[in-house]
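First comes the structure, then the notes that go with it.
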Amino acid sequence: MIRSDARRFYALRKVRPVAGKSNGPVDRHVEREEHHPMNYVTQADRMLIGGELVHASNGAFDLSIDPATEEVIGRVPRATVEDVDRAIRAADAAWPEWFALTPLARSRAMRDFGKALRARSEEILKVEVADTGNTITPMRGDVGFAVDSLDYYAGLAHELKGQTIPSTHENLHITLREPYGVVVRIAPFNHPLMFAVARTAAALAAGNAIVVKAPETSPLSAMILSQIARDALPPGIFNVVTGDGRTVGNALVQHPLVKRIAFIGSPQTGRAIQRAAAEVGVKHVSLELGGKNPFIAFPDVDPERIAEAAVRGMNFAWQGQSCGSTSRLLVHADIYDAVLERVVEKVRAIRLGDPQSPETGMGPVNSRVQLEKVLSFFESAKTDGARLMTGGKRPDGPMFERGYWVEPTVYADVEPGMRLWQEEVFGPILSVGKWRSFEEAVEKANSTEYGLTAAVWTNDINDALRMVRKIRAGHTWINGSSAHFIGVPFGGMKSSGIEREEGIEEMLGYTETKTINIMLPKG
């Protein structure tokens, strides 16, 4: 998920080091380059607008940085307001014809799109690993999940059904489902291509045209996606723009032809999008936002199983940069020490290194902004009195002198009054706390503004169901964690969002209901 404060409004920046200046989080400067250095991980550097691969109208580019080395590995256009307008108008011109196709014809085009993506999956994988810092082994599933999502929603297209309502005997009252038209999807940096495709598949199936805003950090796979979509889909149906949030993000959200917006990110940025959209019109905004997700362990489960699942649920393989990570481990007092010992042992064994190596267990965090945010939690944890068990610093060694590296970290004895308990880190920090009674566990689990996911581990199905019914979270697991399933709704309660994605509800959410009353003559 994108993580930023509301002032940056979508923007998290990986910046190019500038000679003679600090490498801190300054604004990226605009580059006007006529060459493609051979060390770029991809030569693709064009957006997709109206079926054409284009540079920004002003010729400007932003440079993307490898978070492991801080080296420049590619460039993307810095789109202008005029570019955004062209993309939206292209989508607005294209969607009526797309909607007029039969559901079967749309489904075939979507499946062809998926086949084209799969054909370039290895290329996409290497680019995304370099551009995100995520480790290669789990990232292998991203293109597959995107293609599976296209296939799933292609198969659901015939479920866009209306109703016949028996309101009166002498007339007919029916409803139809029609697309919004132009849908804007703002993609996050942790799984750029997967979310750009998987989370637009429902809107495509419903007959909409798409404008994707690629993330500011990790935008390079969007340039490959632009090439694939140009060849696989009709012109204007799938558009891709790149650039900063203040310019591109605002222009997308506030464009009068856009009524449907979807975003994955932080609550602060989600609220900023709602405000910006409301300033210019009535818009339907769906938000899948942050999480500070509890993993509740009962004393009747083997501590080894709990430790394995808790470390897996923290998603260290992508540096904890996942909205659904179970970053608060709540353990019953009777097994607290046994679980904590095993968790610390497993986290210490995570291997940091080259994200492209299958042997690596964790790479760098995504950007300097993310790194500084994670480091700030180390300071506040010390002040608040949390007990550091492992990590808590940047790693030692020549490999880690450059790049956005931090050690996988575990804190014990974390309590609700601490910052580590309340705020989403979006980084590799697992907080461990203790509970003694069922009521205490419920209270602690619900004691944040978030409500995205929760995991409950127990061998007693009655305790499990009682607990998940009490927890205010939109997506829960019993004796599981982290996994997503095609067709199963995903989304949050409280400040973790509105609406549900990944199931049929998502597709229906990209349609509006039209009512038709047929007044029949009285005979």
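Chain labels run A, B, ... following the order of the structure tokens; each chain numbers its residues from 1, and ligands are numbered from 1 in the order shown.
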At a cut-off of 9 Å, can you tabulate as JSON lines every residue of region 146-257 of chain A near region 353-368 of chain A together with its closest atom pair and the distance in Å to one decimal, using only C-alpha atoms and ordering rows by chain then number?
```
{"residue": "A:Phe189", "atom": "CA", "partner": "A:Asn366", "partner_atom": "CA", "distance": 7.8}
{"residue": "A:Asn190", "atom": "CA", "partner": "A:Asn366", "partner_atom": "CA", "distance": 7.7}
{"residue": "A:Thr217", "atom": "CA", "partner": "A:Ser367", "partner_atom": "CA", "distance": 7.3}
{"residue": "A:Ser218", "atom": "CA", "partner": "A:Asn366", "partner_atom": "CA", "distance": 8.0}
```
Dump as a short mmCIF file (atom, residue, chain, number, x, y, z; two decimals), in the first residue's frame, selection limited to all heavy atoms:
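To be explicit, this is the file written out as result04.cif:
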```cif
data_model
loop_
_atom_site.label_atom_id
_atom_site.label_comp_id
_atom_site.auth_asym_id
_atom_site.auth_seq_id
_atom_site.Cartn_x
_atom_site.Cartn_y
_atom_site.Cartn_z
N PHE A 189 2.66 0.99 -4.02
CA PHE A 189 4.03 0.63 -4.40
C PHE A 189 4.43 -0.79 -4.02
O PHE A 189 5.42 -1.30 -4.51
CB PHE A 189 5.04 1.61 -3.79
CG PHE A 189 5.19 1.57 -2.29
CD1 PHE A 189 5.74 0.49 -1.64
CD2 PHE A 189 4.78 2.66 -1.52
CE1 PHE A 189 5.88 0.46 -0.26
CE2 PHE A 189 4.93 2.65 -0.14
CZ PHE A 189 5.48 1.55 0.49
N ASN A 190 3.70 -1.45 -3.14
CA ASN A 190 4.20 -2.74 -2.67
C ASN A 190 3.98 -3.87 -3.67
O ASN A 190 4.78 -4.80 -3.74
CB ASN A 190 3.59 -3.10 -1.30
CG ASN A 190 2.08 -3.11 -1.30
OD1 ASN A 190 1.43 -2.59 -2.22
ND2 ASN A 190 1.50 -3.69 -0.27
N THR A 217 6.88 5.72 -6.29
CA THR A 217 8.00 4.80 -6.13
C THR A 217 7.58 3.47 -6.71
O THR A 217 6.41 3.08 -6.62
CB THR A 217 8.38 4.64 -4.64
OG1 THR A 217 7.28 4.09 -3.93
CG2 THR A 217 8.76 5.97 -4.03
N SER A 218 8.52 2.79 -7.37
CA SER A 218 8.24 1.51 -8.03
C SER A 218 7.26 1.65 -9.19
O SER A 218 6.30 0.87 -9.31
CB SER A 218 7.70 0.48 -7.02
OG SER A 218 8.49 0.46 -5.85
#
```
DSSP strand (DSSP E or B) residues within region 326-486 of chain A, as a ChimeraX atom specification: /A:328-332,352,362,387-390,409-412,429-435,453-457,475-478
Non-local contacts of region 110-122 of chain A (12 Å; only C-alpha atoms; under 5 positions in same chain excluded) as a tab-separated table (two decimals) with all heavy atoms, in the first residue's frame:
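What ended up in out-v3.tsv:
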```tsv
chain	number	residue	atom	x	y	z
A	98	TRP	N	-17.06	-0.37	-25.50
A	98	TRP	CA	-16.65	-1.53	-24.69
A	98	TRP	C	-17.86	-2.12	-23.97
A	98	TRP	O	-18.07	-3.33	-23.96
A	98	TRP	CB	-15.58	-1.08	-23.72
A	98	TRP	CG	-15.10	-2.08	-22.71
A	98	TRP	CD1	-15.33	-2.06	-21.36
A	98	TRP	CD2	-14.26	-3.22	-22.94
A	98	TRP	NE1	-14.70	-3.12	-20.75
A	98	TRP	CE2	-14.04	-3.85	-21.71
A	98	TRP	CE3	-13.68	-3.77	-24.08
A	98	TRP	CZ2	-13.25	-5.00	-21.56
A	98	TRP	CZ3	-12.89	-4.93	-23.95
A	98	TRP	CH2	-12.69	-5.52	-22.70
A	103	PRO	N	-21.03	-9.57	-22.89
A	103	PRO	CA	-20.15	-9.99	-21.80
A	103	PRO	C	-19.11	-11.02	-22.24
A	103	PRO	O	-17.96	-10.98	-21.78
A	103	PRO	CB	-21.11	-10.57	-20.76
A	103	PRO	CG	-22.39	-9.85	-21.01
A	103	PRO	CD	-22.45	-9.65	-22.50
A	104	LEU	N	-19.50	-11.90	-23.14
A	104	LEU	CA	-18.56	-12.91	-23.62
A	104	LEU	C	-17.41	-12.27	-24.38
A	104	LEU	O	-16.25	-12.68	-24.23
A	104	LEU	CB	-19.31	-13.92	-24.52
A	104	LEU	CG	-18.47	-15.10	-25.04
A	104	LEU	CD1	-17.93	-15.92	-23.88
A	104	LEU	CD2	-19.33	-15.98	-25.97
A	105	ALA	N	-17.69	-11.27	-25.20
A	105	ALA	CA	-16.63	-10.60	-25.96
A	105	ALA	C	-15.68	-9.86	-25.02
A	105	ALA	O	-14.45	-9.89	-25.22
A	105	ALA	CB	-17.25	-9.65	-26.97
A	127	VAL	N	11.95	-6.76	-12.99
A	127	VAL	CA	11.82	-5.31	-12.87
A	127	VAL	C	11.20	-4.94	-11.53
A	127	VAL	O	11.69	-4.04	-10.84
A	127	VAL	CB	10.97	-4.75	-14.04
A	127	VAL	CG1	10.60	-3.29	-13.78
A	127	VAL	CG2	11.75	-4.86	-15.35
A	128	GLU	N	10.16	-5.64	-11.14
A	128	GLU	CA	9.48	-5.27	-9.89
A	128	GLU	C	10.34	-5.57	-8.67
A	128	GLU	O	10.30	-4.82	-7.69
A	128	GLU	CB	8.14	-5.99	-9.79
A	128	GLU	CG	7.10	-5.43	-10.73
A	128	GLU	CD	5.69	-5.48	-10.17
A	128	GLU	OE1	5.31	-6.51	-9.60
A	128	GLU	OE2	4.98	-4.47	-10.30
A	129	VAL	N	11.09	-6.66	-8.68
A	129	VAL	CA	11.98	-6.94	-7.54
A	129	VAL	C	13.01	-5.83	-7.40
A	129	VAL	O	13.27	-5.35	-6.29
A	129	VAL	CB	12.64	-8.32	-7.71
A	129	VAL	CG1	13.75	-8.51	-6.68
A	129	VAL	CG2	11.61	-9.43	-7.58
A	136	ILE	N	12.31	-12.07	-4.36
A	136	ILE	CA	11.85	-12.63	-5.62
A	136	ILE	C	10.92	-13.81	-5.46
A	136	ILE	O	9.98	-13.99	-6.25
A	136	ILE	CB	13.07	-13.02	-6.51
A	136	ILE	CG1	12.60	-13.30	-7.94
A	136	ILE	CG2	13.84	-14.20	-5.90
A	136	ILE	CD1	13.74	-13.38	-8.94
A	137	THR	N	11.14	-14.64	-4.44
A	137	THR	CA	10.34	-15.87	-4.33
A	137	THR	C	8.85	-15.60	-4.17
A	137	THR	O	8.03	-16.11	-4.95
A	137	THR	CB	10.87	-16.76	-3.20
A	137	THR	OG1	12.24	-17.11	-3.49
A	137	THR	CG2	10.05	-18.03	-3.07
A	139	MET	N	7.30	-12.81	-4.77
A	139	MET	CA	6.84	-11.94	-5.85
A	139	MET	C	6.50	-12.70	-7.12
A	139	MET	O	5.83	-12.18	-8.01
A	139	MET	CB	7.88	-10.87	-6.15
A	139	MET	CG	7.96	-9.75	-5.12
A	139	MET	SD	6.48	-8.71	-5.08
A	139	MET	CE	6.73	-7.71	-6.55
A	140	ARG	N	6.95	-13.94	-7.21
A	140	ARG	CA	6.63	-14.75	-8.39
A	140	ARG	C	5.12	-14.95	-8.54
A	140	ARG	O	4.64	-15.22	-9.64
A	140	ARG	CB	7.32	-16.11	-8.31
A	140	ARG	CG	8.80	-16.06	-8.60
A	140	ARG	CD	9.41	-17.44	-8.78
A	140	ARG	NE	10.83	-17.32	-9.09
A	140	ARG	CZ	11.32	-17.06	-10.29
A	140	ARG	NH1	10.48	-16.91	-11.32
A	140	ARG	NH2	12.61	-16.96	-10.49
A	141	GLY	N	4.41	-14.82	-7.45
A	141	GLY	CA	2.97	-15.04	-7.52
A	141	GLY	C	2.16	-13.85	-7.98
A	141	GLY	O	0.96	-13.99	-8.26
A	142	ASP	N	2.78	-12.66	-8.09
A	142	ASP	CA	2.00	-11.46	-8.36
A	142	ASP	C	1.34	-11.45	-9.73
A	142	ASP	O	0.15	-11.14	-9.87
A	142	ASP	CB	2.88	-10.21	-8.20
A	142	ASP	CG	2.96	-9.75	-6.76
A	142	ASP	OD1	2.78	-10.60	-5.86
A	142	ASP	OD2	3.20	-8.56	-6.53
A	143	VAL	N	2.08	-11.78	-10.77
A	143	VAL	CA	1.49	-11.80	-12.11
A	143	VAL	C	0.43	-12.88	-12.19
A	143	VAL	O	-0.65	-12.67	-12.76
A	143	VAL	CB	2.57	-12.00	-13.19
A	143	VAL	CG1	1.91	-12.26	-14.56
A	143	VAL	CG2	3.47	-10.78	-13.28
A	144	GLY	N	0.70	-14.04	-11.58
A	144	GLY	CA	-0.29	-15.11	-11.58
A	144	GLY	C	-1.58	-14.70	-10.91
A	144	GLY	O	-2.68	-15.02	-11.41
A	145	PHE	N	-1.49	-13.99	-9.78
A	145	PHE	CA	-2.70	-13.53	-9.10
A	145	PHE	C	-3.45	-12.52	-9.96
A	145	PHE	O	-4.69	-12.53	-10.02
A	145	PHE	CB	-2.34	-12.92	-7.75
A	145	PHE	CG	-3.53	-12.58	-6.90
A	145	PHE	CD1	-4.11	-13.53	-6.08
A	145	PHE	CD2	-4.09	-11.31	-6.92
A	145	PHE	CE1	-5.22	-13.23	-5.29
A	145	PHE	CE2	-5.20	-10.99	-6.15
A	145	PHE	CZ	-5.76	-11.96	-5.34
A	146	ALA	N	-2.71	-11.64	-10.63
A	146	ALA	CA	-3.34	-10.65	-11.51
A	146	ALA	C	-4.09	-11.35	-12.65
A	146	ALA	O	-5.24	-11.00	-12.96
A	146	ALA	CB	-2.30	-9.69	-12.06
A	147	VAL	N	-3.46	-12.34	-13.26
A	147	VAL	CA	-4.09	-13.06	-14.37
A	147	VAL	C	-5.29	-13.86	-13.87
A	147	VAL	O	-6.34	-13.91	-14.53
A	147	VAL	CB	-3.07	-13.97	-15.07
A	147	VAL	CG1	-3.75	-14.84	-16.13
A	147	VAL	CG2	-1.96	-13.14	-15.71
A	148	ASP	N	-5.15	-14.50	-12.72
A	148	ASP	CA	-6.28	-15.24	-12.14
A	148	ASP	C	-7.46	-14.32	-11.87
A	148	ASP	O	-8.63	-14.71	-12.04
A	148	ASP	CB	-5.86	-15.94	-10.85
A	148	ASP	CG	-4.95	-17.14	-11.10
A	148	ASP	OD1	-4.84	-17.59	-12.25
A	148	ASP	OD2	-4.34	-17.62	-10.12
A	149	SER	N	-7.17	-13.09	-11.43
A	149	SER	CA	-8.25	-12.13	-11.18
A	149	SER	C	-8.95	-11.73	-12.47
A	149	SER	O	-10.18	-11.61	-12.51
A	149	SER	CB	-7.69	-10.89	-10.46
A	149	SER	OG	-7.16	-11.24	-9.19
A	150	LEU	N	-8.18	-11.50	-13.53
A	150	LEU	CA	-8.79	-11.23	-14.83
A	150	LEU	C	-9.70	-12.38	-15.26
A	150	LEU	O	-10.83	-12.17	-15.73
A	150	LEU	CB	-7.71	-11.01	-15.89
A	150	LEU	CG	-6.98	-9.66	-15.87
A	150	LEU	CD1	-5.74	-9.72	-16.76
A	150	LEU	CD2	-7.90	-8.53	-16.34
A	151	ASP	N	-9.21	-13.60	-15.07
A	151	ASP	CA	-9.99	-14.77	-15.47
A	151	ASP	C	-11.26	-14.90	-14.62
A	151	ASP	O	-12.34	-15.21	-15.14
A	151	ASP	CB	-9.13	-16.02	-15.32
A	151	ASP	CG	-9.80	-17.26	-15.89
A	151	ASP	OD1	-10.14	-17.26	-17.08
A	151	ASP	OD2	-9.99	-18.23	-15.13
A	152	TYR	N	-11.13	-14.64	-13.32
A	152	TYR	CA	-12.28	-14.74	-12.41
A	152	TYR	C	-13.38	-13.75	-12.80
A	152	TYR	O	-14.54	-14.12	-12.94
A	152	TYR	CB	-11.82	-14.49	-10.98
A	152	TYR	CG	-12.94	-14.34	-9.97
A	152	TYR	CD1	-13.71	-15.42	-9.58
A	152	TYR	CD2	-13.22	-13.10	-9.42
A	152	TYR	CE1	-14.73	-15.28	-8.65
A	152	TYR	CE2	-14.24	-12.95	-8.48
A	152	TYR	CZ	-15.00	-14.05	-8.11
A	152	TYR	OH	-16.02	-13.89	-7.19
A	153	TYR	N	-13.00	-12.50	-12.99
A	153	TYR	CA	-14.02	-11.49	-13.32
A	153	TYR	C	-14.53	-11.64	-14.75
A	153	TYR	O	-15.69	-11.32	-15.04
A	153	TYR	CB	-13.49	-10.09	-13.05
A	153	TYR	CG	-13.45	-9.79	-11.58
A	153	TYR	CD1	-12.24	-9.72	-10.90
A	153	TYR	CD2	-14.62	-9.62	-10.85
A	153	TYR	CE1	-12.20	-9.47	-9.53
A	153	TYR	CE2	-14.59	-9.38	-9.48
A	153	TYR	CZ	-13.38	-9.31	-8.83
A	153	TYR	OH	-13.35	-9.08	-7.49
A	154	ALA	N	-13.69	-12.15	-15.65
A	154	ALA	CA	-14.18	-12.46	-16.99
A	154	ALA	C	-15.31	-13.49	-16.92
A	154	ALA	O	-16.31	-13.40	-17.64
A	154	ALA	CB	-13.05	-12.97	-17.87
A	155	GLY	N	-15.16	-14.44	-16.01
A	155	GLY	CA	-16.19	-15.46	-15.84
A	155	GLY	C	-17.44	-14.97	-15.15
A	155	GLY	O	-18.50	-15.60	-15.23
A	156	LEU	N	-17.33	-13.84	-14.44
A	156	LEU	CA	-18.48	-13.29	-13.72
A	156	LEU	C	-19.29	-12.27	-14.54
A	156	LEU	O	-20.32	-11.80	-14.07
A	156	LEU	CB	-18.01	-12.59	-12.44
A	156	LEU	CG	-17.70	-13.46	-11.22
A	156	LEU	CD1	-17.31	-12.56	-10.05
A	156	LEU	CD2	-18.89	-14.32	-10.83
A	157	ALA	N	-18.82	-11.94	-15.73
A	157	ALA	CA	-19.44	-10.84	-16.47
A	157	ALA	C	-20.93	-11.05	-16.72
A	157	ALA	O	-21.70	-10.09	-16.76
A	157	ALA	CB	-18.71	-10.63	-17.79
A	193	LEU	N	2.17	-3.89	-10.19
A	193	LEU	CA	1.45	-4.43	-11.33
A	193	LEU	C	0.25	-5.26	-10.88
A	193	LEU	O	-0.82	-5.19	-11.48
A	193	LEU	CB	2.38	-5.27	-12.21
A	193	LEU	CG	1.68	-5.81	-13.46
A	193	LEU	CD1	2.52	-5.58	-14.70
A	193	LEU	CD2	1.32	-7.29	-13.33
A	194	MET	N	0.43	-6.04	-9.84
A	194	MET	CA	-0.67	-6.89	-9.39
A	194	MET	C	-1.92	-6.08	-9.08
A	194	MET	O	-3.02	-6.39	-9.54
A	194	MET	CB	-0.27	-7.70	-8.15
A	194	MET	CG	-1.34	-8.68	-7.70
A	194	MET	SD	-0.94	-9.49	-6.15
A	194	MET	CE	-1.37	-8.19	-4.97
A	197	VAL	N	-3.65	-4.41	-12.12
A	197	VAL	CA	-4.42	-5.31	-12.98
A	197	VAL	C	-5.53	-6.01	-12.20
A	197	VAL	O	-6.70	-5.96	-12.59
A	197	VAL	CB	-3.48	-6.35	-13.63
A	197	VAL	CG1	-4.30	-7.36	-14.44
A	197	VAL	CG2	-2.46	-5.66	-14.52
A	198	ALA	N	-5.15	-6.68	-11.09
A	198	ALA	CA	-6.14	-7.45	-10.34
A	198	ALA	C	-7.28	-6.57	-9.84
A	198	ALA	O	-8.44	-6.98	-9.79
A	198	ALA	CB	-5.47	-8.17	-9.17
A	200	THR	N	-8.36	-3.80	-11.20
A	200	THR	CA	-9.15	-3.15	-12.26
A	200	THR	C	-9.96	-4.16	-13.06
A	200	THR	O	-10.79	-3.77	-13.88
A	200	THR	CB	-8.25	-2.36	-13.23
A	200	THR	OG1	-7.25	-3.23	-13.79
A	200	THR	CG2	-7.56	-1.20	-12.52
A	201	ALA	N	-9.71	-5.45	-12.82
A	201	ALA	CA	-10.40	-6.49	-13.59
A	201	ALA	C	-11.91	-6.41	-13.42
A	201	ALA	O	-12.67	-6.57	-14.38
A	201	ALA	CB	-9.89	-7.87	-13.18
A	202	ALA	N	-12.37	-6.16	-12.21
A	202	ALA	CA	-13.82	-6.09	-11.95
A	202	ALA	C	-14.45	-4.93	-12.72
A	202	ALA	O	-15.54	-5.06	-13.28
A	202	ALA	CB	-14.08	-5.94	-10.46
A	203	ALA	N	-13.76	-3.80	-12.73
A	203	ALA	CA	-14.28	-2.63	-13.44
A	203	ALA	C	-14.33	-2.87	-14.94
A	203	ALA	O	-15.27	-2.45	-15.63
A	203	ALA	CB	-13.43	-1.40	-13.12
A	204	LEU	N	-13.32	-3.55	-15.49
A	204	LEU	CA	-13.33	-3.89	-16.91
A	204	LEU	C	-14.49	-4.82	-17.24
A	204	LEU	O	-15.21	-4.61	-18.23
A	204	LEU	CB	-12.01	-4.56	-17.30
A	204	LEU	CG	-10.78	-3.67	-17.43
A	204	LEU	CD1	-9.54	-4.53	-17.60
A	204	LEU	CD2	-10.92	-2.70	-18.58
A	205	ALA	N	-14.70	-5.83	-16.42
A	205	ALA	CA	-15.78	-6.78	-16.67
A	205	ALA	C	-17.13	-6.09	-16.67
A	205	ALA	O	-18.05	-6.48	-17.41
A	205	ALA	CB	-15.75	-7.89	-15.63
A	206	ALA	N	-17.27	-5.05	-15.84
A	206	ALA	CA	-18.53	-4.32	-15.73
A	206	ALA	C	-18.76	-3.34	-16.87
A	206	ALA	O	-19.81	-2.70	-16.92
A	206	ALA	CB	-18.59	-3.59	-14.40
A	207	GLY	N	-17.77	-3.18	-17.77
A	207	GLY	CA	-17.95	-2.32	-18.93
A	207	GLY	C	-17.34	-0.94	-18.82
A	207	GLY	O	-17.61	-0.07	-19.65
A	221	SER	N	7.24	-1.15	-13.66
A	221	SER	CA	6.45	-2.21	-14.29
A	221	SER	C	5.23	-1.65	-15.01
A	221	SER	O	4.69	-2.29	-15.93
A	221	SER	CB	6.02	-3.25	-13.26
A	221	SER	OG	5.19	-2.68	-12.27
A	222	ALA	N	4.78	-0.47	-14.61
A	222	ALA	CA	3.64	0.16	-15.31
A	222	ALA	C	3.99	0.49	-16.75
A	222	ALA	O	3.09	0.56	-17.61
A	222	ALA	CB	3.20	1.41	-14.56
A	224	ILE	N	5.87	-1.43	-18.68
A	224	ILE	CA	5.69	-2.70	-19.39
A	224	ILE	C	4.20	-3.00	-19.54
A	224	ILE	O	3.73	-3.44	-20.59
A	224	ILE	CB	6.41	-3.84	-18.65
A	224	ILE	CG1	7.90	-3.52	-18.52
A	224	ILE	CG2	6.21	-5.17	-19.37
A	224	ILE	CD1	8.66	-4.50	-17.65
A	225	LEU	N	3.45	-2.75	-18.47
A	225	LEU	CA	2.00	-2.93	-18.51
A	225	LEU	C	1.39	-2.09	-19.63
A	225	LEU	O	0.46	-2.54	-20.32
A	225	LEU	CB	1.39	-2.55	-17.16
A	225	LEU	CG	-0.13	-2.59	-17.05
A	225	LEU	CD1	-0.67	-3.99	-17.32
A	225	LEU	CD2	-0.57	-2.11	-15.66
A	226	SER	N	1.89	-0.89	-19.83
A	226	SER	CA	1.38	-0.03	-20.90
A	226	SER	C	1.54	-0.70	-22.26
A	226	SER	O	0.63	-0.67	-23.10
A	226	SER	CB	2.10	1.32	-20.88
A	226	SER	OG	1.80	2.05	-19.72
A	227	GLN	N	2.69	-1.30	-22.49
A	227	GLN	CA	2.93	-1.99	-23.77
A	227	GLN	C	1.97	-3.15	-23.96
A	227	GLN	O	1.39	-3.34	-25.05
A	227	GLN	CB	4.36	-2.49	-23.83
A	227	GLN	CG	5.42	-1.40	-23.81
A	227	GLN	CD	6.84	-1.95	-23.77
A	227	GLN	OE1	7.04	-3.15	-23.56
A	227	GLN	NE2	7.82	-1.09	-23.96
A	228	ILE	N	1.78	-3.93	-22.91
A	228	ILE	CA	0.92	-5.11	-23.01
A	228	ILE	C	-0.53	-4.71	-23.24
A	228	ILE	O	-1.22	-5.27	-24.10
A	228	ILE	CB	1.07	-5.97	-21.73
A	228	ILE	CG1	2.50	-6.49	-21.60
A	228	ILE	CG2	0.08	-7.12	-21.74
A	228	ILE	CD1	2.81	-7.12	-20.26
A	229	ALA	N	-1.01	-3.74	-22.46
A	229	ALA	CA	-2.41	-3.31	-22.59
A	229	ALA	C	-2.68	-2.68	-23.96
A	229	ALA	O	-3.77	-2.85	-24.52
A	229	ALA	CB	-2.76	-2.34	-21.47
A	230	ARG	N	-1.70	-1.96	-24.49
A	230	ARG	CA	-1.89	-1.36	-25.82
A	230	ARG	C	-2.19	-2.42	-26.87
A	230	ARG	O	-3.06	-2.25	-27.74
A	230	ARG	CB	-0.64	-0.59	-26.24
A	230	ARG	CG	-0.72	0.00	-27.64
A	230	ARG	CD	0.63	0.36	-28.20
A	230	ARG	NE	1.52	-0.80	-28.30
A	230	ARG	CZ	2.74	-0.76	-28.82
A	230	ARG	NH1	3.22	0.38	-29.29
A	230	ARG	NH2	3.50	-1.85	-28.87
A	231	ASP	N	-1.49	-3.56	-26.78
A	231	ASP	CA	-1.63	-4.60	-27.79
A	231	ASP	C	-2.81	-5.54	-27.52
A	231	ASP	O	-3.29	-6.20	-28.44
A	231	ASP	CB	-0.34	-5.42	-27.88
A	231	ASP	CG	0.85	-4.59	-28.34
A	231	ASP	OD1	0.63	-3.56	-29.01
A	231	ASP	OD2	2.00	-4.96	-28.02
A	232	ALA	N	-3.26	-5.61	-26.27
A	232	ALA	CA	-4.27	-6.61	-25.91
A	232	ALA	C	-5.68	-6.06	-25.82
A	232	ALA	O	-6.64	-6.83	-25.95
A	232	ALA	CB	-3.89	-7.27	-24.57
A	233	LEU	N	-5.84	-4.76	-25.58
A	233	LEU	CA	-7.16	-4.19	-25.34
A	233	LEU	C	-7.46	-3.07	-26.33
A	233	LEU	O	-6.53	-2.45	-26.88
A	233	LEU	CB	-7.25	-3.66	-23.91
A	233	LEU	CG	-7.18	-4.70	-22.79
A	233	LEU	CD1	-7.03	-4.03	-21.43
A	233	LEU	CD2	-8.40	-5.60	-22.81
A	234	PRO	N	-8.74	-2.77	-26.58
A	234	PRO	CA	-9.07	-1.67	-27.50
A	234	PRO	C	-8.51	-0.34	-27.01
A	234	PRO	O	-8.38	-0.12	-25.80
A	234	PRO	CB	-10.61	-1.67	-27.47
A	234	PRO	CG	-11.01	-3.03	-27.03
A	234	PRO	CD	-9.93	-3.48	-26.08
A	237	ILE	N	-9.39	1.88	-23.51
A	237	ILE	CA	-10.02	1.09	-22.44
A	237	ILE	C	-9.12	0.98	-21.23
A	237	ILE	O	-9.59	0.94	-20.09
A	237	ILE	CB	-10.40	-0.31	-22.98
A	237	ILE	CG1	-11.51	-0.18	-24.01
A	237	ILE	CG2	-10.84	-1.24	-21.85
A	237	ILE	CD1	-12.76	0.52	-23.48
A	238	PHE	N	-7.83	0.92	-21.44
A	238	PHE	CA	-6.87	0.82	-20.33
A	238	PHE	C	-5.79	1.86	-20.56
A	238	PHE	O	-5.04	1.80	-21.53
A	238	PHE	CB	-6.26	-0.57	-20.27
A	238	PHE	CG	-5.65	-0.93	-18.94
A	238	PHE	CD1	-6.36	-1.65	-17.99
A	238	PHE	CD2	-4.35	-0.54	-18.63
A	238	PHE	CE1	-5.81	-1.99	-16.77
A	238	PHE	CE2	-3.78	-0.88	-17.41
A	238	PHE	CZ	-4.52	-1.60	-16.48
A	356	GLN	N	16.95	-10.25	-5.48
A	356	GLN	CA	16.86	-11.11	-6.65
A	356	GLN	C	17.27	-12.56	-6.35
A	356	GLN	O	17.07	-13.44	-7.17
A	356	GLN	CB	17.75	-10.56	-7.78
A	356	GLN	CG	17.40	-9.17	-8.26
A	356	GLN	CD	16.19	-9.13	-9.19
A	356	GLN	OE1	15.61	-10.15	-9.53
A	356	GLN	NE2	15.79	-7.93	-9.60
```
Write out as a PyMOL selection string the set of residues from region 157-279 of chain A that DSSP, computed on the backbone, places in helix (DSSP H, G or I). chain A and resi 157-159+192-198+201-205+220-232+245-253+267-278
Can you tell me, as a PyMOL selection string, what residues are no more than 9 Å from Asn479 (chain A) when counting only C-alpha atoms, ignoring any on the same chain fewer than 2 positions away? chain A and resi 306+309+455-459+464+477+481
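Between CA of Lys213 (chain A) and CA of Gly451 (chain A) there is a distance of 26.0 Å.
Residue nearest Ala56 (chain A) within the list A:Pro188, A:Pro138, A:Gly243, A:Gly249: A:Gly243 [criterion: smallest interatomic distance, only C-alpha atoms].
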Can you list every residue of region 192-286 of chain A that has an atom at most 10 Å from region 72-80 of chain A, with its nearest atom pair and the distance in Å to one decimal, using only C-alpha atoms, ordered by chain then number, as JSON lines?
```
{"residue": "A:Ala214", "atom": "CA", "partner": "A:Val76", "partner_atom": "CA", "distance": 9.9}
{"residue": "A:Glu216", "atom": "CA", "partner": "A:Val76", "partner_atom": "CA", "distance": 9.4}
{"residue": "A:Ser218", "atom": "CA", "partner": "A:Gly74", "partner_atom": "CA", "distance": 9.8}
{"residue": "A:Pro219", "atom": "CA", "partner": "A:Val76", "partner_atom": "CA", "distance": 7.2}
{"residue": "A:Leu220", "atom": "CA", "partner": "A:Gly74", "partner_atom": "CA", "distance": 6.8}
{"residue": "A:Ala222", "atom": "CA", "partner": "A:Val76", "partner_atom": "CA", "distance": 9.0}
{"residue": "A:Met223", "atom": "CA", "partner": "A:Val76", "partner_atom": "CA", "distance": 7.5}
{"residue": "A:Val241", "atom": "CA", "partner": "A:Ala79", "partner_atom": "CA", "distance": 6.6}
{"residue": "A:Thr242", "atom": "CA", "partner": "A:Ala79", "partner_atom": "CA", "distance": 5.8}
{"residue": "A:Gly243", "atom": "CA", "partner": "A:Arg78", "partner_atom": "CA", "distance": 4.4}
{"residue": "A:Asp244", "atom": "CA", "partner": "A:Arg78", "partner_atom": "CA", "distance": 7.1}
{"residue": "A:Thr247", "atom": "CA", "partner": "A:Thr80", "partner_atom": "CA", "distance": 6.8}
{"residue": "A:Val248", "atom": "CA", "partner": "A:Ala79", "partner_atom": "CA", "distance": 6.6}
{"residue": "A:Ala251", "atom": "CA", "partner": "A:Thr80", "partner_atom": "CA", "distance": 8.8}
```
